[in-house]
file coords-v5.pdb (PDB, C-alpha atoms)
ATOM      1  CA  MET A   1      21.669  25.749  -8.935
ATOM      2  CA  ALA A   2      19.717  26.561 -12.032
ATOM      3  CA  PRO A   3      16.741  28.769 -11.306
ATOM      4  CA  ILE A   4      14.344  26.294 -12.829
ATOM      5  CA  LEU A   5      14.786  23.780 -10.029
ATOM      6  CA  THR A   6      14.830  26.123  -7.108
ATOM      7  CA  ARG A   7      12.035  26.580  -4.643
ATOM      8  CA  SER A   8      10.877  29.775  -6.208
ATOM      9  CA  ILE A   9       9.175  28.247  -9.203
ATOM     10  CA  THR A  10       6.567  30.624 -10.438
ATOM     11  CA  SER A  11       4.921  28.964 -13.411
ATOM     12  CA  THR A  12       2.297  26.335 -12.650
ATOM     13  CA  PRO A  13       0.691  23.709 -14.845
ATOM     14  CA  PRO A  14      -2.696  24.938 -16.016
ATOM     15  CA  ASP A  15      -4.866  22.429 -14.213
ATOM     16  CA  GLN A  16      -3.354  23.063 -10.819
ATOM     17  CA  GLY A  17      -3.196  26.673  -9.871
ATOM     18  CA  VAL A  18      -3.249  27.231  -6.142
ATOM     19  CA  ARG A  19      -4.453  24.071  -4.490
ATOM     20  CA  PRO A  20      -7.314  24.980  -2.207
ATOM     21  CA  ARG A  21      -7.561  23.886   1.353
ATOM     22  CA  MET A  22     -10.512  21.550   1.748
ATOM     23  CA  ASN A  23     -12.762  21.778   4.746
ATOM     24  CA  GLY A  24     -13.232  18.025   4.782
ATOM     25  CA  LEU A  25     -13.899  15.155   2.420
ATOM     26  CA  GLY A  26     -16.519  13.335   4.420
ATOM     27  CA  ASP A  27     -19.228  14.532   2.081
ATOM     28  CA  LYS A  28     -19.415  12.545  -1.178
ATOM     29  CA  GLU A  29     -19.817  15.633  -3.300
ATOM     30  CA  GLN A  30     -16.819  17.322  -1.697
ATOM     31  CA  PHE A  31     -14.786  14.202  -2.277
ATOM     32  CA  ARG A  32     -15.850  14.039  -5.918
ATOM     33  CA  GLU A  33     -14.907  17.660  -6.497
ATOM     34  CA  ALA A  34     -11.487  17.257  -4.914
ATOM     35  CA  ALA A  35     -10.763  14.010  -6.780
ATOM     36  CA  GLN A  36     -11.850  15.482 -10.117
ATOM     37  CA  GLU A  37      -9.680  18.495  -9.506
ATOM     38  CA  HIS A  38      -6.527  16.525  -8.785
ATOM     39  CA  ARG A  39      -6.972  13.526 -11.054
ATOM     40  CA  GLN A  40      -4.603  14.751 -13.782
ATOM     41  CA  ALA A  41      -1.853  15.621 -11.361
ATOM     42  CA  LEU A  42      -2.247  12.232  -9.676
ATOM     43  CA  LEU A  43      -2.047  10.491 -13.044
ATOM     44  CA  ARG A  44       1.155  12.353 -13.871
ATOM     45  CA  VAL A  45       2.710  11.390 -10.531
ATOM     46  CA  ALA A  46       1.868   7.710 -11.070
ATOM     47  CA  MET A  47       3.068   7.804 -14.692
ATOM     48  CA  ARG A  48       6.433   9.138 -13.622
ATOM     49  CA  MET A  49       6.782   6.996 -10.526
ATOM     50  CA  VAL A  50       5.908   3.651 -12.141
ATOM     51  CA  ASP A  51       4.907   3.701 -15.785
ATOM     52  CA  GLU A  52       2.218   5.018 -18.033
ATOM     53  CA  GLY A  53       0.352   1.761 -18.393
ATOM     54  CA  SER A  54      -0.135   1.158 -14.678
ATOM     55  CA  ALA A  55      -0.798   4.779 -13.772
ATOM     56  CA  GLU A  56      -4.537   4.655 -14.330
ATOM     57  CA  ASP A  57      -5.006   1.516 -12.244
ATOM     58  CA  LEU A  58      -2.885   2.905  -9.441
ATOM     59  CA  VAL A  59      -4.755   6.207  -9.329
ATOM     60  CA  GLN A  60      -8.102   4.392  -9.408
ATOM     61  CA  GLU A  61      -7.009   2.222  -6.503
ATOM     62  CA  ALA A  62      -5.697   5.250  -4.595
ATOM     63  CA  LEU A  63      -8.964   7.123  -5.084
ATOM     64  CA  THR A  64     -11.020   4.116  -4.033
ATOM     65  CA  ARG A  65      -8.978   3.797  -0.858
ATOM     66  CA  ALA A  66      -9.201   7.522  -0.241
ATOM     67  CA  PHE A  67     -12.968   7.361  -0.684
ATOM     68  CA  ARG A  68     -13.273   4.580   1.877
ATOM     69  CA  GLN A  69     -11.122   6.476   4.350
ATOM     70  CA  ARG A  70     -12.444   9.917   3.535
ATOM     71  CA  HIS A  71     -13.805  10.388   7.045
ATOM     72  CA  ASP A  72     -10.222  10.123   8.380
ATOM     73  CA  PHE A  73      -9.111  13.071   6.286
ATOM     74  CA  GLN A  74      -7.515  15.691   8.503
ATOM     75  CA  GLU A  75      -9.055  19.048   7.881
ATOM     76  CA  GLN A  76      -5.809  20.913   8.396
ATOM     77  CA  SER A  77      -4.086  19.079   5.547
ATOM     78  CA  GLN A  78      -4.639  19.634   1.854
ATOM     79  CA  SER A  79      -6.584  17.156  -0.176
ATOM     80  CA  PHE A  80      -3.893  16.800  -2.852
ATOM     81  CA  THR A  81      -1.254  16.057  -0.226
ATOM     82  CA  TRP A  82      -3.517  13.373   1.192
ATOM     83  CA  PHE A  83      -4.346  11.775  -2.174
ATOM     84  CA  CYS A  84      -0.707  11.935  -3.179
ATOM     85  CA  GLY A  85       0.443  10.213   0.014
ATOM     86  CA  ILE A  86      -1.917   7.295  -0.632
ATOM     87  CA  LEU A  87      -0.891   7.103  -4.282
ATOM     88  CA  LEU A  88       2.832   7.137  -3.530
ATOM     89  CA  ASN A  89       2.403   4.288  -1.055
ATOM     90  CA  LEU A  90       0.666   2.262  -3.748
ATOM     91  CA  CYS A  91       3.386   3.122  -6.270
ATOM     92  CA  ARG A  92       6.051   1.962  -3.824
ATOM     93  CA  SER A  93       4.223  -1.320  -3.253
ATOM     94  CA  GLU A  94       3.935  -1.863  -6.997
ATOM     95  CA  LEU A  95       7.638  -1.150  -7.509
ATOM     96  CA  ARG A  96       8.526  -3.550  -4.681
ATOM     97  CA  ARG A  97       6.368  -6.269  -6.229
ATOM     98  CA  ARG A  98       8.066  -5.798  -9.572
ATOM     99  CA  LYS A  99      11.501  -5.903  -7.988
ATOM    100  CA  ILE A 100      10.691  -9.209  -6.308
ATOM    101  CA  ARG A 101       9.314 -10.676  -9.541
ATOM    102  CA  ARG A 102      12.417  -9.622 -11.415
ATOM    103  CA  ALA A 103      14.679 -11.020  -8.694
ATOM    104  CA  PHE A 104      12.979 -14.409  -9.014
ATOM    105  CA  GLY A 105      13.043 -14.297 -12.796
ATOM    106  CA  LEU A 106       9.306 -13.860 -12.980
ATOM    107  CA  SER A 107       9.343 -10.697 -15.032
ATOM    108  CA  TRP A 108       6.890 -12.308 -17.475
ATOM    109  CA  LEU A 109       4.317 -11.958 -14.688
ATOM    110  CA  ILE A 110       4.524  -8.191 -14.974
ATOM    111  CA  SER A 111       1.783  -7.180 -17.314
ATOM    112  CA  ASP A 112       2.490  -5.641 -20.669
ATOM    113  CA  SER A 113       1.167  -2.398 -19.257
ATOM    114  CA  GLU A 114       4.726  -1.170 -18.810
ATOM    115  CA  ALA A 115       5.151  -0.958 -22.518
ATOM    116  CA  GLN A 116       1.655   0.298 -23.093
ATOM    117  CA  GLU A 117       1.328   3.869 -24.201
ATOM    118  CA  ARG A 118      -1.127   6.339 -22.817
ATOM    119  CA  PRO A 119      -0.799   9.064 -25.425
ATOM    120  CA  VAL A 120      -1.620  12.578 -24.520
ATOM    121  CA  VAL A 121      -4.037  14.278 -26.801
ATOM    122  CA  ASP A 122      -3.310  17.421 -28.737
ATOM    123  CA  PRO A 123      -5.330  17.645 -31.950
ATOM    124  CA  GLY A 124      -3.544  20.749 -33.214
ATOM    125  CA  GLU A 125      -0.054  19.283 -32.947
ATOM    126  CA  ARG A 126       2.133  18.839 -36.049
ATOM    127  CA  PRO A 127       3.660  15.358 -36.607
ATOM    128  CA  GLU A 128       7.228  16.519 -35.953
ATOM    129  CA  GLN A 129       6.136  18.278 -32.773
ATOM    130  CA  GLU A 130       4.369  15.141 -31.642
ATOM    131  CA  PHE A 131       7.471  13.072 -32.380
ATOM    132  CA  GLU A 132       9.625  15.454 -30.379
ATOM    133  CA  ARG A 133       7.237  15.382 -27.483
ATOM    134  CA  LEU A 134       7.017  11.594 -27.428
ATOM    135  CA  GLU A 135      10.790  11.320 -27.595
ATOM    136  CA  ARG A 136      11.161  13.806 -24.755
ATOM    137  CA  ARG A 137       8.683  11.856 -22.708
ATOM    138  CA  ARG A 138      10.516   8.577 -23.364
ATOM    139  CA  LEU A 139      13.904  10.044 -22.440
ATOM    140  CA  LEU A 140      12.582  11.589 -19.259
ATOM    141  CA  HIS A 141      10.818   8.390 -18.262
ATOM    142  CA  GLU A 142      13.950   6.299 -18.816
ATOM    143  CA  ALA A 143      16.106   8.741 -16.877
ATOM    144  CA  LEU A 144      13.611   8.938 -14.011
ATOM    145  CA  GLN A 145      13.417   5.162 -13.750
ATOM    146  CA  LYS A 146      17.182   5.066 -13.236
ATOM    147  CA  LEU A 147      16.905   7.266 -10.144
ATOM    148  CA  PRO A 148      16.423   5.667  -6.750
ATOM    149  CA  GLU A 149      12.761   5.622  -5.756
ATOM    150  CA  LYS A 150      13.158   8.263  -3.059
ATOM    151  CA  LEU A 151      14.986  10.740  -5.273
ATOM    152  CA  ARG A 152      12.479  10.160  -8.042
ATOM    153  CA  SER A 153       9.531  10.962  -5.808
ATOM    154  CA  VAL A 154      11.276  14.062  -4.448
ATOM    155  CA  LEU A 155      11.896  15.388  -7.942
ATOM    156  CA  ILE A 156       8.381  14.587  -9.141
ATOM    157  CA  LEU A 157       6.723  16.348  -6.238
ATOM    158  CA  THR A 158       8.969  19.372  -5.953
ATOM    159  CA  TYR A 159       9.785  20.036  -9.574
ATOM    160  CA  PHE A 160       7.086  18.574 -11.764
ATOM    161  CA  GLU A 161       4.135  18.960  -9.403
ATOM    162  CA  GLN A 162       5.530  22.094  -7.815
ATOM    163  CA  LEU A 163       4.503  21.302  -4.297
ATOM    164  CA  SER A 164       5.926  23.491  -1.572
ATOM    165  CA  GLY A 165       8.807  22.095   0.446
ATOM    166  CA  GLN A 166       6.518  21.734   3.425
ATOM    167  CA  GLN A 167       3.906  19.743   1.503
ATOM    168  CA  ALA A 168       6.403  17.467  -0.238
ATOM    169  CA  ALA A 169       8.279  16.869   3.005
ATOM    170  CA  ALA A 170       5.013  15.962   4.747
ATOM    171  CA  ILE A 171       4.097  13.451   2.036
ATOM    172  CA  LEU A 172       7.520  11.826   1.964
ATOM    173  CA  GLY A 173       8.105  11.926   5.710
ATOM    174  CA  LEU A 174      11.261  14.020   5.427
ATOM    175  CA  THR A 175      12.455  17.235   6.962
ATOM    176  CA  GLU A 176      12.523  20.187   4.615
ATOM    177  CA  ALA A 177      16.326  20.328   4.747
ATOM    178  CA  ALA A 178      16.569  16.644   3.799
ATOM    179  CA  LEU A 179      14.053  17.198   1.030
ATOM    180  CA  TRP A 180      16.033  19.957  -0.653
ATOM    181  CA  GLN A 181      19.225  18.016  -0.241
ATOM    182  CA  ALA A 182      17.593  15.044  -1.941
ATOM    183  CA  ASN A 183      16.209  17.350  -4.613
ATOM    184  CA  SER A 184      19.699  18.587  -5.415
ATOM    185  CA  ARG A 185      21.060  15.029  -5.607
ATOM    186  CA  ALA A 186      18.147  13.932  -7.778
ATOM    187  CA  ARG A 187      18.726  16.759 -10.185
ATOM    188  CA  LYS A 188      22.437  15.946 -10.494
ATOM    189  CA  GLN A 189      21.730  12.277 -11.127
ATOM    190  CA  LEU A 190      19.017  13.038 -13.659
ATOM    191  CA  LYS A 191      21.339  15.369 -15.507
ATOM    192  CA  LYS A 192      23.992  12.656 -15.604
ATOM    193  CA  HIS A 193      21.545  10.122 -17.028
ATOM    194  CA  LEU A 194      20.389  12.557 -19.694
ATOM    195  CA  GLU A 195      23.866  13.633 -20.761
ATOM    196  CA  GLY A 196      24.484  13.130 -24.440
ATOM    197  CA  LYS A 197      20.840  12.324 -25.078
ATOM    198  CA  ILE A 198      19.445  15.838 -25.143
ATOM    199  CA  SER A 199      20.615  18.660 -27.301
TER     200      SER A 199
ATOM    201  CA  MET B   1      19.427  28.222 -19.669
ATOM    202  CA  THR B   2      21.261  24.930 -20.179
ATOM    203  CA  ASP B   3      20.019  22.115 -22.409
ATOM    204  CA  PHE B   4      19.061  20.182 -19.345
ATOM    205  CA  ASP B   5      16.962  22.999 -17.941
ATOM    206  CA  ALA B   6      15.332  23.607 -21.298
ATOM    207  CA  PHE B   7      14.542  19.913 -21.601
ATOM    208  CA  LEU B   8      12.938  19.762 -18.170
ATOM    209  CA  ASP B   9      11.004  22.909 -18.839
ATOM    210  CA  ALA B  10       9.642  21.457 -22.073
ATOM    211  CA  CYS B  11       8.692  18.264 -20.248
ATOM    212  CA  ARG B  12       6.785  20.275 -17.716
ATOM    213  CA  GLN B  13       5.000  22.181 -20.428
ATOM    214  CA  ASP B  14       3.901  18.834 -21.901
ATOM    215  CA  ASP B  15       2.065  18.233 -18.647
ATOM    216  CA  ALA B  16      -0.467  20.804 -19.717
ATOM    217  CA  LEU B  17      -1.800  18.372 -22.333
ATOM    218  CA  PRO B  18      -4.680  16.183 -21.233
ATOM    219  CA  ILE B  19      -4.049  12.481 -20.767
ATOM    220  CA  GLN B  20      -6.397   9.991 -22.409
ATOM    221  CA  ALA B  21      -6.719   7.858 -19.289
ATOM    222  CA  ASP B  22      -8.002  10.952 -17.585
ATOM    223  CA  GLU B  23     -11.524  10.526 -18.994
ATOM    224  CA  ARG B  24     -11.840   7.003 -17.641
ATOM    225  CA  LEU B  25     -10.579   8.195 -14.317
ATOM    226  CA  SER B  26     -13.173  10.915 -14.263
ATOM    227  CA  GLU B  27     -15.891   8.304 -14.828
ATOM    228  CA  HIS B  28     -14.438   6.192 -12.044
ATOM    229  CA  ILE B  29     -14.642   9.109  -9.633
ATOM    230  CA  ASP B  30     -18.270   9.736 -10.566
ATOM    231  CA  GLN B  31     -19.072   6.064 -10.046
ATOM    232  CA  LEU B  32     -17.296   6.102  -6.702
ATOM    233  CA  SER B  33     -19.286   9.003  -5.410
ATOM    234  CA  ARG B  34     -22.561   7.583  -6.728
ATOM    235  CA  ALA B  35     -22.330   4.103  -5.269
ATOM    236  CA  GLU B  36     -21.193   3.976  -1.707
ATOM    237  CA  PRO B  37     -18.877   1.009  -1.304
ATOM    238  CA  GLN B  38     -18.580  -0.825   1.980
ATOM    239  CA  THR B  39     -17.017   1.857   4.085
ATOM    240  CA  GLU B  40     -16.272  -0.206   7.138
ATOM    241  CA  ALA B  41     -14.622  -3.510   7.716
ATOM    242  CA  PRO B  42     -16.993  -6.361   8.653
ATOM    243  CA  ILE B  43     -18.084  -5.839  12.254
ATOM    244  CA  PRO B  44     -16.249  -8.146  14.638
ATOM    245  CA  TRP B  45     -19.469  -8.512  16.645
ATOM    246  CA  THR B  46     -20.619 -11.165  14.208
ATOM    247  CA  TRP B  47     -17.576 -13.272  14.923
ATOM    248  CA  LEU B  48     -17.763 -12.598  18.622
ATOM    249  CA  ALA B  49     -21.406 -13.706  18.720
ATOM    250  CA  LEU B  50     -20.543 -16.853  16.798
ATOM    251  CA  VAL B  51     -17.720 -17.781  19.164
ATOM    252  CA  CYS B  52     -19.917 -17.104  22.218
ATOM    253  CA  ALA B  53     -22.677 -19.295  20.806
ATOM    254  CA  LEU B  54     -20.237 -22.132  20.200
ATOM    255  CA  LEU B  55     -18.847 -21.846  23.713
ATOM    256  CA  LEU B  56     -22.331 -21.857  25.185
ATOM    257  CA  ILE B  57     -23.374 -24.914  23.217
ATOM    258  CA  SER B  58     -20.262 -26.855  24.175
ATOM    259  CA  HIS B  59     -20.750 -25.877  27.821
ATOM    260  CA  CYS B  60     -24.397 -26.933  27.955
ATOM    261  CA  ALA B  61     -23.774 -30.202  26.214
ATOM    262  CA  GLY B  62     -21.370 -31.252  28.978
ATOM    263  CA  PRO B  63     -19.258 -34.442  28.890
ATOM    264  CA  LYS B  64     -20.548 -37.089  26.581
ATOM    265  CA  GLU B  65     -22.077 -40.192  28.223
ATOM    266  CA  ARG B  66     -22.690 -43.282  26.170
ATOM    267  CA  PRO B  67     -25.749 -45.313  27.189
ATOM    268  CA  GLY B  68     -25.076 -48.869  28.341
ATOM    269  CA  LYS B  69     -21.504 -48.335  29.208
ATOM    270  CA  ALA B  70     -20.324 -47.460  32.666
ATOM    271  CA  PRO B  71     -18.122 -44.471  32.869
ATOM    272  CA  LYS B  72     -14.511 -45.260  33.271
ATOM    273  CA  PRO B  73     -13.357 -44.882  36.879
ATOM    274  CA  VAL B  74     -10.866 -42.283  37.665
ATOM    275  CA  VAL B  75      -7.257 -43.467  37.963
ATOM    276  CA  LYS B  76      -7.079 -42.487  41.608
ATOM    277  CA  GLU B  77     -10.084 -44.647  42.448
ATOM    278  CA  VAL B  78      -8.650 -47.590  40.571
ATOM    279  CA  ARG B  79      -5.420 -47.381  42.524
ATOM    280  CA  GLU B  80      -7.275 -47.118  45.816
ATOM    281  CA  GLN B  81      -9.427 -50.114  44.933
ATOM    282  CA  GLY B  82      -6.306 -52.109  44.105
ATOM    283  CA  ARG B  83      -4.723 -51.312  47.436
ATOM    284  CA  VAL B  84      -7.844 -52.307  49.396
ATOM    285  CA  GLN B  85      -8.088 -55.585  47.531
ATOM    286  CA  LYS B  86      -4.423 -56.374  48.219
ATOM    287  CA  ARG B  87      -4.797 -55.634  51.911
ATOM    288  CA  ALA B  88      -7.813 -57.894  52.126
ATOM    289  CA  GLN B  89      -5.946 -60.657  50.371
ATOM    290  CA  ASP B  90      -3.011 -60.310  52.740
ATOM    291  CA  THR B  91      -5.160 -60.688  55.849
ATOM    292  CA  ASP B  92      -7.592 -63.358  54.728
ATOM    293  CA  SER B  93      -5.249 -65.467  52.686
ATOM    294  CA  ASP B  94      -4.576 -69.136  53.370
ATOM    295  CA  LYS B  95      -0.911 -68.578  53.263
ATOM    296  CA  PRO B  96       0.891 -70.287  56.197
ATOM    297  CA  THR B  97       2.463 -67.936  58.612
ATOM    298  CA  PRO B  98       6.147 -67.751  58.135
ATOM    299  CA  PRO B  99       8.113 -69.924  60.594
ATOM    300  CA  LEU B 100       9.743 -68.262  63.520
ATOM    301  CA  LEU B 101      13.337 -67.522  63.238
ATOM    302  CA  PRO B 102      15.624 -70.196  64.739
ATOM    303  CA  HIS B 103      17.164 -68.064  67.491
ATOM    304  CA  ARG B 104      13.751 -67.084  68.690
ATOM    305  CA  VAL B 105      12.712 -70.773  68.832
ATOM    306  CA  GLN B 106      15.668 -71.601  71.089
ATOM    307  CA  ARG B 107      14.605 -69.090  73.637
TER     308      ARG B 107
END

call {"tool": "encode", "arguments": {"input": "coords-v5.pdb", "output": "structure tokens"}}
result
Amino acid sequence: MAPILTRSITSTPPDQGVRPRMNGLGDKEQFREAAQEHRQALLRVAMRMVDEGSAEDLVQEALTRAFRQRHDFQEQSQSFTWFCGILLNLCRSELRRRKIRRAFGLSWLISDSEAQERPVVDPGERPEQEFERLERRRLLHEALQKLPEKLRSVLILTYFEQLSGQQAAAILGLTEAALWQANSRARKQLKKHLEGKIS
Amino acid sequence: MTDFDAFLDACRQDDALPIQADERLSEHIDQLSRAEPQTEAPIPWTWLALVCALLLISHCAGPKERPGKAPKPVVKEVREQGRVQKRAQDTDSDKPTPPLLPHRVQR
């Protein structure tokens, strides 16, 4: 297995760092701090799970639900794991709804948000760099959408969000062994879908 | 490092860039923590009280009686009345007694 997808990933996206253990989210201010801290990561998860257009709505809904249920937050768990669990449930529901609409030929009911772009901002980027980045993003999104939902979520959490096996397994309701097995399968399938498209 | 690994690595590096929707989300979080939404589901006591009140009212009102109209007798009473009437008719009727049977007359 290539070192980049193994458990011992060392580099972390800049906004994450080591996710702190929260003492509770019952307090509004504590909740606000935790939500502000994880909002980008949650957006990325939703963007990769569903699409970029719906990501914002899904994260907003997840945070609203989390806020209402913040008193149920278990102190021994991590806030990101908790937020992520709620968000992934919402993403699954959204994907199910879309599947049903497509099955009944009602795809026109799905909003145009799927095609909508949520560009990332980098003022210092050269046009060719921006083009490359957008192309990379499109290819990855297409390849991820071809993966089964479970494999996609495994890859997003373990590779892109760099959660520990224990955390990802807890969110997805899997054993750690099953998680890494799924991670390996996801990686193989993603590679297959990207073959010939990346150089 | 293979092309695939390099591609994924670059994708992950892109994650460092801020997302535009992020600002709106940040505002949403601030709004959430400012205005407390309804944290609990509507209390079932309201419904329970309403149902109890309805039950109490229907119990106190009792069966409806219309003025000027006698209540309908119960089926059992009607049957009993019918039987009594028939018995009375049988005993007091003007019907002739049936003639004695011929072999009894001979004796």

call {"tool": "resolve_selection", "arguments": {"input": "coords-v5.pdb", "expression": "the ChimeraX specification (/A :<8) & /B", "output": "VMD selection string"}}
result
chain B and resid 1 3 to 5 7 9 11 to 22 25 to 26 28 to 30 32 to 33 37 to 40

call {"tool": "atom_distance", "arguments": {"input": "coords-v5.pdb", "atom1": "CA of Ala169 (chain A)", "atom2": "CA of Ser153 (chain A)"}}
result
10.7 Å

call {"tool": "atom_distance", "arguments": {"input": "coords-v5.pdb", "atom1": "CA of Arg185 (chain A)", "atom2": "CA of Phe83 (chain A)"}}
result
25.8 Å

call {"tool": "resolve_selection", "arguments": {"input": "coords-v5.pdb", "expression": "the PyMOL selection byres ((chain A and resi 147-152) around 8)", "output": "number ranges by chain"}}
result
A: 49, 92, 143-146, 153-156, 182-183, 185-186, 189-190

call {"tool": "atom_distance", "arguments": {"input": "coords-v5.pdb", "atom1": "CA of Leu172 (chain A)", "atom2": "CA of Gly85 (chain A)"}}
result
7.5 Å

call {"tool": "closest_residue", "arguments": {"input": "coords-v5.pdb", "among": "A:Asp72, A:Trp82, A:Ser54, A:Glu132", "to": "Arg98 (chain A)", "atoms": "only C-alpha atoms"}}
result
A:Ser54

call {"tool": "build_atoms", "arguments": {"input": "coords-v5.pdb", "residues": "region 81-100 of chain A", "atoms": "N, CA and C atoms", "output": "PDB file, in the frame of the given file"}}
result
ATOM      1  N   THR A  81      -2.315  16.672  -1.021  1.00  0.00           N
ATOM      2  CA  THR A  81      -1.254  16.057  -0.226  1.00  0.00           C
ATOM      3  C   THR A  81      -1.709  14.681   0.259  1.00  0.00           C
ATOM      4  N   TRP A  82      -2.963  14.625   0.664  1.00  0.00           N
ATOM      5  CA  TRP A  82      -3.517  13.373   1.192  1.00  0.00           C
ATOM      6  C   TRP A  82      -3.631  12.319   0.086  1.00  0.00           C
ATOM      7  N   PHE A  83      -4.215  12.698  -1.035  1.00  0.00           N
ATOM      8  CA  PHE A  83      -4.346  11.775  -2.174  1.00  0.00           C
ATOM      9  C   PHE A  83      -2.960  11.286  -2.618  1.00  0.00           C
ATOM     10  N   CYS A  84      -2.046  12.232  -2.683  1.00  0.00           N
ATOM     11  CA  CYS A  84      -0.707  11.935  -3.179  1.00  0.00           C
ATOM     12  C   CYS A  84       0.024  10.955  -2.253  1.00  0.00           C
ATOM     13  N   GLY A  85      -0.169  11.127  -0.958  1.00  0.00           N
ATOM     14  CA  GLY A  85       0.443  10.213   0.014  1.00  0.00           C
ATOM     15  C   GLY A  85      -0.043   8.786  -0.208  1.00  0.00           C
ATOM     16  N   ILE A  86      -1.344   8.628  -0.402  1.00  0.00           N
ATOM     17  CA  ILE A  86      -1.917   7.295  -0.632  1.00  0.00           C
ATOM     18  C   ILE A  86      -1.382   6.720  -1.946  1.00  0.00           C
ATOM     19  N   LEU A  87      -1.351   7.561  -2.966  1.00  0.00           N
ATOM     20  CA  LEU A  87      -0.891   7.103  -4.282  1.00  0.00           C
ATOM     21  C   LEU A  87       0.578   6.684  -4.244  1.00  0.00           C
ATOM     22  N   LEU A  88       1.407   7.473  -3.574  1.00  0.00           N
ATOM     23  CA  LEU A  88       2.832   7.137  -3.530  1.00  0.00           C
ATOM     24  C   LEU A  88       3.069   5.828  -2.790  1.00  0.00           C
ATOM     25  N   ASN A  89       2.282   5.567  -1.760  1.00  0.00           N
ATOM     26  CA  ASN A  89       2.403   4.288  -1.055  1.00  0.00           C
ATOM     27  C   ASN A  89       2.084   3.130  -1.984  1.00  0.00           C
ATOM     28  N   LEU A  90       1.040   3.310  -2.793  1.00  0.00           N
ATOM     29  CA  LEU A  90       0.666   2.262  -3.748  1.00  0.00           C
ATOM     30  C   LEU A  90       1.745   2.077  -4.819  1.00  0.00           C
ATOM     31  N   CYS A  91       2.314   3.197  -5.267  1.00  0.00           N
ATOM     32  CA  CYS A  91       3.386   3.122  -6.270  1.00  0.00           C
ATOM     33  C   CYS A  91       4.584   2.359  -5.694  1.00  0.00           C
ATOM     34  N   ARG A  92       4.915   2.650  -4.452  1.00  0.00           N
ATOM     35  CA  ARG A  92       6.051   1.962  -3.824  1.00  0.00           C
ATOM     36  C   ARG A  92       5.788   0.465  -3.732  1.00  0.00           C
ATOM     37  N   SER A  93       4.571   0.108  -3.352  1.00  0.00           N
ATOM     38  CA  SER A  93       4.223  -1.320  -3.253  1.00  0.00           C
ATOM     39  C   SER A  93       4.356  -1.987  -4.616  1.00  0.00           C
ATOM     40  N   GLU A  94       3.879  -1.308  -5.639  1.00  0.00           N
ATOM     41  CA  GLU A  94       3.935  -1.863  -6.997  1.00  0.00           C
ATOM     42  C   GLU A  94       5.390  -2.052  -7.432  1.00  0.00           C
ATOM     43  N   LEU A  95       6.225  -1.049  -7.127  1.00  0.00           N
ATOM     44  CA  LEU A  95       7.638  -1.150  -7.509  1.00  0.00           C
ATOM     45  C   LEU A  95       8.326  -2.288  -6.760  1.00  0.00           C
ATOM     46  N   ARG A  96       7.955  -2.455  -5.487  1.00  0.00           N
ATOM     47  CA  ARG A  96       8.526  -3.550  -4.681  1.00  0.00           C
ATOM     48  C   ARG A  96       8.140  -4.897  -5.274  1.00  0.00           C
ATOM     49  N   ARG A  97       6.856  -5.020  -5.636  1.00  0.00           N
ATOM     50  CA  ARG A  97       6.368  -6.269  -6.229  1.00  0.00           C
ATOM     51  C   ARG A  97       7.146  -6.600  -7.505  1.00  0.00           C
ATOM     52  N   ARG A  98       7.357  -5.582  -8.304  1.00  0.00           N
ATOM     53  CA  ARG A  98       8.066  -5.798  -9.572  1.00  0.00           C
ATOM     54  C   ARG A  98       9.515  -6.214  -9.335  1.00  0.00           C
ATOM     55  N   LYS A  99      10.110  -5.590  -8.321  1.00  0.00           N
ATOM     56  CA  LYS A  99      11.501  -5.903  -7.988  1.00  0.00           C
ATOM     57  C   LYS A  99      11.616  -7.376  -7.590  1.00  0.00           C
ATOM     58  N   ILE A 100      10.679  -7.816  -6.774  1.00  0.00           N
ATOM     59  CA  ILE A 100      10.691  -9.209  -6.308  1.00  0.00           C
ATOM     60  C   ILE A 100      10.510 -10.154  -7.496  1.00  0.00           C
TER      61      ILE A 100
END
